[in-house]
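J.: Got a file for you: structure.csv, CSV, C-alpha atoms.
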chain,number,residue,atom,x,y,z
E,1,MET,CA,50.0,-63.3,37.2
E,2,LYS,CA,47.1,-65.4,36.3
E,3,ALA,CA,44.3,-63.9,34.1
E,4,ASP,CA,40.9,-65.2,32.9
E,5,LEU,CA,41.1,-63.4,29.6
E,6,LYS,CA,43.7,-61.8,27.4
E,7,ILE,CA,43.9,-59.2,24.7
E,8,ASP,CA,46.8,-58.5,22.4
E,9,CYS,CA,47.4,-54.8,21.8
E,10,PHE,CA,51.1,-55.2,20.8
E,11,GLY,CA,52.0,-52.6,18.3
E,12,LEU,CA,49.0,-50.4,18.9
E,13,LEU,CA,49.3,-46.8,20.0
E,14,CYS,CA,47.2,-44.7,22.4
E,15,PRO,CA,44.2,-44.8,22.7
E,16,MET,CA,43.6,-48.2,21.1
E,17,PRO,CA,44.8,-50.4,24.0
E,18,ILE,CA,42.4,-48.4,26.4
E,19,ILE,CA,39.5,-48.6,23.9
E,20,LYS,CA,40.0,-52.3,23.4
E,21,THR,CA,40.3,-52.8,27.1
E,22,SER,CA,37.0,-51.1,27.8
E,23,GLN,CA,35.2,-53.1,25.1
E,24,LYS,CA,36.6,-56.3,26.5
E,25,ILE,CA,35.8,-55.5,30.2
E,26,LYS,CA,32.2,-54.8,29.1
E,27,GLU,CA,31.8,-58.4,28.1
E,28,MET,CA,33.4,-59.8,31.2
E,29,GLN,CA,32.0,-60.9,34.6
E,30,ILE,CA,32.7,-59.0,37.8
E,31,GLY,CA,35.7,-60.5,39.5
E,32,GLN,CA,37.4,-61.7,36.3
E,33,VAL,CA,40.9,-60.6,35.5
E,34,LEU,CA,42.0,-59.3,32.1
E,35,GLU,CA,45.6,-59.3,30.8
E,36,VAL,CA,46.5,-56.7,28.2
E,37,VAL,CA,49.7,-57.1,26.2
E,38,ALA,CA,51.0,-53.9,24.9
E,39,SER,CA,54.1,-52.2,23.5
E,40,ASP,CA,53.2,-48.5,24.0
E,41,GLU,CA,54.7,-47.5,27.3
E,42,GLY,CA,52.0,-44.9,27.8
E,43,ILE,CA,49.9,-47.8,29.1
E,44,LYS,CA,51.8,-47.8,32.4
E,45,SER,CA,50.2,-44.5,33.3
E,46,ASP,CA,47.0,-44.8,31.2
E,47,MET,CA,45.7,-48.0,32.5
E,48,PRO,CA,45.8,-47.0,36.2
E,49,ALA,CA,44.1,-43.7,35.2
E,50,TRP,CA,41.4,-45.6,33.3
E,51,CYS,CA,40.8,-48.0,36.2
E,52,LYS,CA,40.6,-45.1,38.7
E,53,THR,CA,38.0,-43.3,36.5
E,54,THR,CA,35.9,-46.3,35.7
E,55,GLY,CA,36.1,-48.0,39.1
E,56,GLN,CA,38.1,-51.1,38.1
E,57,GLU,CA,41.0,-52.5,40.0
E,58,PHE,CA,44.5,-52.1,38.5
E,59,LEU,CA,46.5,-55.2,39.6
E,60,GLY,CA,49.9,-54.2,38.2
E,61,VAL,CA,52.2,-54.3,35.2
E,62,GLU,CA,54.9,-56.7,34.2
E,63,GLU,CA,57.6,-55.1,32.0
E,64,LYS,CA,60.0,-57.2,29.9
E,65,GLU,CA,62.0,-56.1,26.9
E,66,GLY,CA,59.6,-53.5,25.5
E,67,GLU,CA,56.5,-55.6,26.3
E,68,TYR,CA,54.1,-54.6,28.9
E,69,ARG,CA,51.6,-57.0,30.5
E,70,VAL,CA,48.9,-55.1,32.4
E,71,TYR,CA,46.4,-56.7,34.7
E,72,VAL,CA,42.9,-55.4,35.4
E,73,LYS,CA,40.2,-56.8,37.6
E,74,LYS,CA,36.6,-56.0,36.7
E,75,MET,CA,35.0,-54.5,39.8
E,76,LYS,CA,31.8,-53.0,38.3
E,77,GLY,CA,29.8,-52.7,35.2
E,78,LEU,CA,30.5,-50.3,32.4
E,79,THR,CA,27.8,-48.6,30.4
L,1,MET,CA,24.8,-42.7,38.9
L,2,GLN,CA,24.9,-39.8,36.4
L,3,ARG,CA,27.8,-40.2,34.0
L,4,GLU,CA,30.3,-37.4,33.6
L,5,LYS,CA,30.0,-35.4,30.5
L,6,PHE,CA,32.7,-34.4,28.0
L,7,ASN,CA,32.1,-31.9,25.2
L,8,ILE,CA,34.3,-31.1,22.3
L,9,VAL,CA,33.9,-28.4,19.6
L,10,VAL,CA,35.5,-29.6,16.4
L,11,TYR,CA,36.0,-26.2,14.6
L,12,SER,CA,39.0,-27.3,12.6
L,13,GLY,CA,38.8,-29.5,9.5
L,14,ASP,CA,42.5,-30.4,9.5
L,15,LEU,CA,43.4,-34.0,9.6
L,16,ASP,CA,45.9,-33.6,12.5
L,17,LYS,CA,43.5,-31.6,14.7
L,18,VAL,CA,40.5,-33.8,13.9
L,19,LEU,CA,42.6,-36.9,14.8
L,20,ALA,CA,43.4,-35.3,18.2
L,21,ALA,CA,39.6,-34.6,18.7
L,22,PHE,CA,38.7,-38.2,17.9
L,23,ILE,CA,41.4,-39.6,20.1
L,24,LEU,CA,40.1,-37.6,23.1
L,25,ALA,CA,36.4,-38.4,22.3
L,26,THR,CA,36.9,-42.1,21.9
L,27,THR,CA,39.1,-42.3,25.0
L,28,ALA,CA,36.5,-40.3,27.1
L,29,ALA,CA,33.8,-42.7,25.9
L,30,SER,CA,35.9,-45.6,27.0
L,31,MET,CA,36.3,-44.0,30.4
L,32,ASN,CA,32.5,-44.2,30.8
L,33,MET,CA,31.9,-40.5,30.0
L,34,GLU,CA,29.0,-39.2,27.9
L,35,VAL,CA,30.6,-37.6,24.9
L,36,ASN,CA,29.2,-35.0,22.5
L,37,MET,CA,31.2,-33.8,19.5
L,38,PHE,CA,29.9,-30.5,18.2
L,39,PHE,CA,31.1,-30.0,14.6
L,40,THR,CA,31.1,-26.4,13.3
L,41,PHE,CA,32.7,-24.4,10.5
L,42,TRP,CA,35.6,-26.3,8.8
L,43,GLY,CA,35.0,-29.2,11.2
L,44,LEU,CA,31.7,-30.0,9.3
L,45,ASN,CA,33.9,-31.2,6.4
L,46,VAL,CA,34.5,-34.3,8.5
L,47,LEU,CA,30.9,-35.3,8.3
L,48,ARG,CA,30.3,-34.3,4.7
L,49,LYS,CA,29.8,-36.8,1.9
L,50,LYS,CA,32.4,-36.7,-0.8
L,51,LYS,CA,30.3,-34.7,-3.3
L,52,LEU,CA,29.8,-31.1,-4.3
L,53,THR,CA,27.2,-29.2,-2.5
L,54,SER,CA,24.6,-27.4,-4.5
L,55,GLY,CA,24.7,-23.9,-3.0
L,56,LYS,CA,22.1,-21.3,-3.4
L,57,ASN,CA,24.2,-18.5,-4.9
L,58,ILE,CA,27.5,-18.0,-6.8
L,59,LEU,CA,29.7,-17.6,-3.6
L,60,GLN,CA,28.3,-20.8,-2.0
L,61,LYS,CA,28.9,-22.7,-5.3
L,62,MET,CA,32.5,-21.4,-5.4
L,63,MET,CA,33.0,-22.3,-1.8
L,64,SER,CA,31.7,-25.8,-2.6
L,65,LEU,CA,34.4,-26.2,-5.2
L,66,LEU,CA,37.2,-25.0,-3.0
L,67,ASN,CA,36.1,-26.4,0.4
L,68,ARG,CA,35.9,-30.1,-0.2
L,69,GLY,CA,34.2,-32.4,2.2
L,70,GLY,CA,34.9,-36.0,3.2
L,71,ALA,CA,36.6,-37.5,6.2
L,72,ASP,CA,39.3,-39.2,4.1
L,73,ARG,CA,40.4,-36.1,2.3
L,74,LEU,CA,41.1,-33.6,5.0
L,75,PRO,CA,44.2,-31.3,4.7
L,76,LEU,CA,47.0,-31.0,7.2
L,77,SER,CA,47.3,-27.8,9.3
L,78,LYS,CA,51.0,-27.8,8.4
L,79,PHE,CA,53.0,-29.1,5.4
L,80,ASN,CA,49.9,-29.7,3.4
L,81,MET,CA,51.9,-29.3,0.1
L,82,LEU,CA,48.9,-29.6,-2.2
L,83,GLY,CA,47.9,-32.9,-0.6
L,84,MET,CA,51.3,-34.6,-0.4
L,85,GLY,CA,51.4,-33.9,3.3
L,86,PRO,CA,48.2,-35.7,4.2
L,87,ALA,CA,49.1,-38.6,1.9
L,88,MET,CA,52.4,-39.1,3.7
L,89,MET,CA,50.7,-38.6,7.1
L,90,LYS,CA,48.1,-41.4,6.2
L,91,ILE,CA,51.0,-43.8,5.4
L,92,LEU,CA,52.7,-42.9,8.7
L,93,MET,CA,49.4,-43.5,10.6
L,94,LYS,CA,48.8,-46.8,8.8
L,95,GLN,CA,52.4,-48.0,9.7
L,96,SER,CA,51.7,-47.2,13.4
L,97,LYS,CA,48.2,-48.8,13.2
L,98,VAL,CA,46.6,-45.5,14.1
L,99,PRO,CA,43.0,-45.6,12.8
L,100,ALA,CA,42.2,-43.2,9.9
L,101,ILE,CA,39.5,-40.6,10.4
L,102,PRO,CA,36.7,-42.7,8.7
L,103,GLU,CA,37.5,-45.6,11.1
L,104,MET,CA,37.6,-43.1,14.0
L,105,ILE,CA,34.1,-42.0,13.1
L,106,LYS,CA,32.9,-45.6,13.1
L,107,MET,CA,34.6,-46.4,16.4
L,108,ALA,CA,33.2,-43.2,18.0
L,109,LYS,CA,29.7,-44.2,17.0
L,110,GLU,CA,30.1,-47.7,18.3
L,111,LEU,CA,31.2,-46.2,21.6
L,112,GLY,CA,28.1,-44.1,21.7
L,113,VAL,CA,29.7,-40.7,21.0
L,114,LYS,CA,27.0,-38.2,19.9
L,115,PHE,CA,27.6,-36.0,16.9
L,116,THR,CA,25.9,-32.5,16.6
L,117,ALA,CA,26.2,-30.5,13.4
L,118,CYS,CA,26.1,-26.7,13.6
L,119,THR,CA,23.1,-25.3,11.7
L,120,THR,CA,24.5,-21.8,11.3
L,121,THR,CA,27.5,-23.1,9.2
L,122,LEU,CA,25.1,-25.4,7.3
L,123,ASN,CA,23.0,-22.4,6.3
L,124,PHE,CA,25.6,-19.9,5.3
L,125,MET,CA,27.7,-22.4,3.5
L,126,GLY,CA,24.6,-23.6,1.6
L,127,PHE,CA,24.8,-27.2,2.8
L,128,THR,CA,21.7,-29.4,3.3
L,129,ARG,CA,21.2,-32.4,5.5
L,130,GLU,CA,21.6,-34.6,2.4
L,131,ASP,CA,25.2,-33.4,2.1
L,132,PHE,CA,26.1,-35.3,5.3
L,133,ILE,CA,26.8,-38.9,6.3
L,134,ASP,CA,24.5,-40.9,8.5
L,135,GLY,CA,25.1,-40.9,12.3
L,136,ILE,CA,24.5,-37.3,13.1
L,137,ASP,CA,22.4,-37.2,16.2
L,138,SER,CA,21.3,-33.6,16.0
L,139,PHE,CA,21.4,-30.4,14.0
L,140,ALA,CA,21.6,-27.5,16.5
L,141,GLY,CA,23.2,-24.2,17.4
L,142,ALA,CA,25.4,-22.5,20.0
L,143,ALA,CA,22.8,-22.5,22.8
L,144,THR,CA,22.5,-26.3,22.6
L,145,PHE,CA,26.3,-26.7,22.9
L,146,LEU,CA,26.5,-24.2,25.8
L,147,ALA,CA,23.6,-25.8,27.7
L,148,GLU,CA,25.5,-29.1,27.5
L,149,ALA,CA,28.9,-27.5,28.2
L,150,ARG,CA,27.6,-26.0,31.5
L,151,GLU,CA,27.1,-29.5,32.8
L,152,CYS,CA,30.5,-30.7,31.7
L,153,LYS,CA,33.6,-31.0,33.8
L,154,VAL,CA,35.6,-31.1,30.6
L,155,SER,CA,34.8,-29.1,27.5
L,156,TYR,CA,37.3,-28.5,24.6
L,157,PHE,CA,37.6,-26.5,21.5
L,158,ILE,CA,39.8,-27.8,18.7
Show me, as structure tokens, the structure contained in the file I just sent.
T.:
Amino acid sequence: MKADLKIDCFGLLCPMPIIKTSQKIKEMQIGQVLEVVASDEGIKSDMPAWCKTTGQEFLGVEEKEGEYRVYVKKMKGLT
Amino acid sequence: MQREKFNIVVYSGDLDKVLAAFILATTAASMNMEVNMFFTFWGLNVLRKKKLTSGKNILQKMMSLLNRGGADRLPLSKFNMLGMGPAMMKILMKQSKVPAIPEMIKMAKELGVKFTACTTTLNFMGFTREDFIDGIDSFAGAATFLAEARECKVSYFI
């Protein structure tokens, strides 16, 4: 999947990937896609939950050998 | 649109419990919620500077010696072992890149989490405002917390 921006959260535990995602999304334009690379499998459930709560679009997750690549599309502003 | 509110009472001053409180608070703030942490009783130690408090009488002075403040020297609720437990826990946290409590405080403030300190505890423990770190948004009591909590979908006590 193609993304406009990417953050590396490999090796970080909950809730750091979510906090870093929210900080990055704040800086992005609506319509842009963020790729989050993580190693904590909690992200598979946490990111869709975060997207649902904040109104962003969860595009999916690619899983390969303990590495998770999660894609989020910014749909609305965050305060 | 009105943001959803999340309140958390931090009653405990134990490293493990305070960590759980900060994980929930920072995550809630990242989820666009308005977060207020209400620090009371042992929880106030998290916001205290690392110095002895003066105290107005002998009991308060004694308490000041025994009940040490400072976010980086909180005890563990289990296996404290005279401070060996927290020392080991901090190494484990560092190895897993889990932020230490002082970093959690900084992160929470950056995310807009509000801190309230309980004035009742302040008074009977003999603390003054000078005993606390910067970043406390208000000094208030139970009614303030409850008035906020009434409007919250989620309200916790740790």
J.: List the spatial neighbours of stretch 34-49 of chain L as number ranges by chain - criterion: any atom at most 6 Å away, only C-alpha atoms, same-chain residues fewer than 5 positions off excluded.
T.: L: 5-13, 69-71, 113-118, 121, 131-133
J.: Enumerate as a compact mmCIF listing (two decimals) with C-alpha atoms, in the coordinates of the input the residues belonging to chain E that approach chain L to within 8 Å, with all atoms listed in the file taken into account.
T.:
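Final output, saved to part-v1.txt:
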# COMPACT_ATOMS: atom_id res chain seq x y z
CA GLY E 11 52.00 -52.60 18.30
CA LEU E 12 49.00 -50.40 18.90
CA LEU E 13 49.30 -46.80 20.00
CA PRO E 15 44.20 -44.80 22.70
CA ILE E 18 42.40 -48.40 26.40
CA ILE E 19 39.50 -48.60 23.90
CA SER E 22 37.00 -51.10 27.80
CA GLN E 23 35.20 -53.10 25.10
CA TRP E 50 41.40 -45.60 33.30
CA THR E 53 38.00 -43.30 36.50
CA THR E 54 35.90 -46.30 35.70
CA LEU E 78 30.50 -50.30 32.40
CA THR E 79 27.80 -48.60 30.40
J.: With a distance cut-off of 6 Å and only C-alpha atoms, select the neighbouring residues of stretch 34-38 of chain E, excluding the residue or stretch itself and same-chain residues fewer than 6 positions from it, and output the selection as a ChimeraX atom specification.
T.: /E:3,5-10,67-72
J.: Please list as a ChimeraX atom specification every residue within 10 Å of E:Asp46, counting all atoms listed in the file and excluding residues in the same chain fewer than 3 positions away.
T.: /E:14-15,17-18,41-43,49-52
J.: Could you please take those selected residues and save C-alpha atoms as a CSV table (one decimal), in the frame of the given file?
T.:
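Output below, filename out25.csv:
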chain,number,residue,atom,x,y,z
E,14,CYS,CA,47.2,-44.7,22.4
E,15,PRO,CA,44.2,-44.8,22.7
E,17,PRO,CA,44.8,-50.4,24.0
E,18,ILE,CA,42.4,-48.4,26.4
E,41,GLU,CA,54.7,-47.5,27.3
E,42,GLY,CA,52.0,-44.9,27.8
E,43,ILE,CA,49.9,-47.8,29.1
E,49,ALA,CA,44.1,-43.7,35.2
E,50,TRP,CA,41.4,-45.6,33.3
E,51,CYS,CA,40.8,-48.0,36.2
E,52,LYS,CA,40.6,-45.1,38.7
J.: Please compute the atom CA of E:Asp4-atom CA of E:Glu27 distance, one decimal, in Å.
T.: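 Result for atom CA of E:Asp4 versus atom CA of E:Glu27: 12.3 Å, one decimal.
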J.: Mind pulling up the distance from atom CA of L:Phe157 to atom CA of L:Ala20?
T.: 11.0 Å
J.: Env of E:Lys26: 10 Å cut, atoms = all atoms listed in the file, seq-sep filter 5 positions within chain, self excluded. Answer as number ranges by chain.
T.: E: 20-21, 74, 76-79
J.: What is the distance, in Å and to one decimal place, between atom CA of L:Lys17 and atom CA of L:Ile101?
T.: 10.7 Å
J.: Please determine, counting all atoms listed in the file, which residue among E:Glu57, E:Ile25, E:Lys2, E:Glu63 has the shortest atom-to-atom distance to E:Asp40.
T.: E:Glu63
J.: Go through L:Leu59, L:Leu52, L:Leu146, L:Val18 one by one, measure the shortest atom-to-atom distance of each to L:Phe127 using all atoms listed in the file, and give the residue with the smallest value.
T.: L:Leu52
J.: Quick one: of L:Lys90, L:Ala25, L:Asp14, L:Lys56, who's nearest to L:Val154, counting all atoms listed in the file?
T.: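 The answer is L:Ala25, which sits nearest to L:Val154.
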J.: Which polymer residues have any atom within 7 Å of an atom of L:Leu15, counting only C-alpha atoms, with same-chain residues fewer than 4 positions away left out, as a list of chain:residue names?
T.: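 Listed by chain and then number, they are L:Leu19, L:Leu74, L:Pro75, L:Leu76.
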J.: Show me the residues around (24.1, -20.5, 4.5) - criterion: an atom at most 12 Å away, all atoms listed in the file counted - as a list in words.
T.: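 Applying the cut-off with all atoms listed in the file, one gets Phe41, Thr53, Ser54, Gly55, Lys56, Asn57, Leu59, Gln60, Lys61, Met63, Ser64, Cys118, Thr119, Thr120, Thr121, Leu122, Asn123, Phe124, Met125, Gly126, Phe127 and Thr128 of chain L.
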J.: Missing atoms in stretch 22-34 of chain L should be modelled up to N, CA, C and O atoms and reported as a compact mmCIF listing (two decimals), in the coordinates of the input.
T.:
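Written file, selection-v7.txt:
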# COMPACT_ATOMS: atom_id res chain seq x y z
N PHE L 22 39.23 -36.82 17.87
CA PHE L 22 38.70 -38.20 17.90
C PHE L 22 39.37 -39.05 18.95
O PHE L 22 38.74 -39.90 19.59
N ILE L 23 40.69 -38.86 19.11
CA ILE L 23 41.40 -39.60 20.10
C ILE L 23 40.84 -39.32 21.51
O ILE L 23 40.53 -40.22 22.30
N LEU L 24 40.63 -38.03 21.78
CA LEU L 24 40.10 -37.60 23.10
C LEU L 24 38.65 -38.12 23.25
O LEU L 24 38.26 -38.62 24.30
N ALA L 25 37.85 -37.98 22.19
CA ALA L 25 36.40 -38.40 22.30
C ALA L 25 36.28 -39.87 22.52
O ALA L 25 35.50 -40.29 23.38
N THR L 26 37.01 -40.69 21.76
CA THR L 26 36.90 -42.10 21.90
C THR L 26 37.41 -42.60 23.26
O THR L 26 36.85 -43.50 23.88
N THR L 27 38.50 -41.97 23.70
CA THR L 27 39.10 -42.30 25.00
C THR L 27 38.08 -41.96 26.12
O THR L 27 37.83 -42.76 27.02
N ALA L 28 37.52 -40.77 26.04
CA ALA L 28 36.50 -40.30 27.10
C ALA L 28 35.36 -41.30 27.10
O ALA L 28 34.90 -41.68 28.18
N ALA L 29 34.88 -41.72 25.92
CA ALA L 29 33.80 -42.70 25.90
C ALA L 29 34.17 -43.99 26.53
O ALA L 29 33.37 -44.61 27.24
N SER L 30 35.41 -44.40 26.33
CA SER L 30 35.90 -45.60 27.00
C SER L 30 36.04 -45.48 28.46
O SER L 30 36.13 -46.46 29.19
N MET L 31 36.15 -44.24 28.92
CA MET L 31 36.30 -44.00 30.40
C MET L 31 34.90 -43.75 30.97
O MET L 31 34.77 -43.15 32.03
N ASN L 32 33.88 -44.23 30.27
CA ASN L 32 32.50 -44.20 30.80
C ASN L 32 31.92 -42.79 30.81
O ASN L 32 30.98 -42.51 31.56
N MET L 33 32.46 -41.88 30.03
CA MET L 33 31.90 -40.50 30.00
C MET L 33 30.91 -40.43 28.83
O MET L 33 30.97 -41.19 27.88
N GLU L 34 29.99 -39.48 28.99
CA GLU L 34 29.00 -39.20 27.90
C GLU L 34 29.62 -38.16 27.04
O GLU L 34 29.88 -37.04 27.50
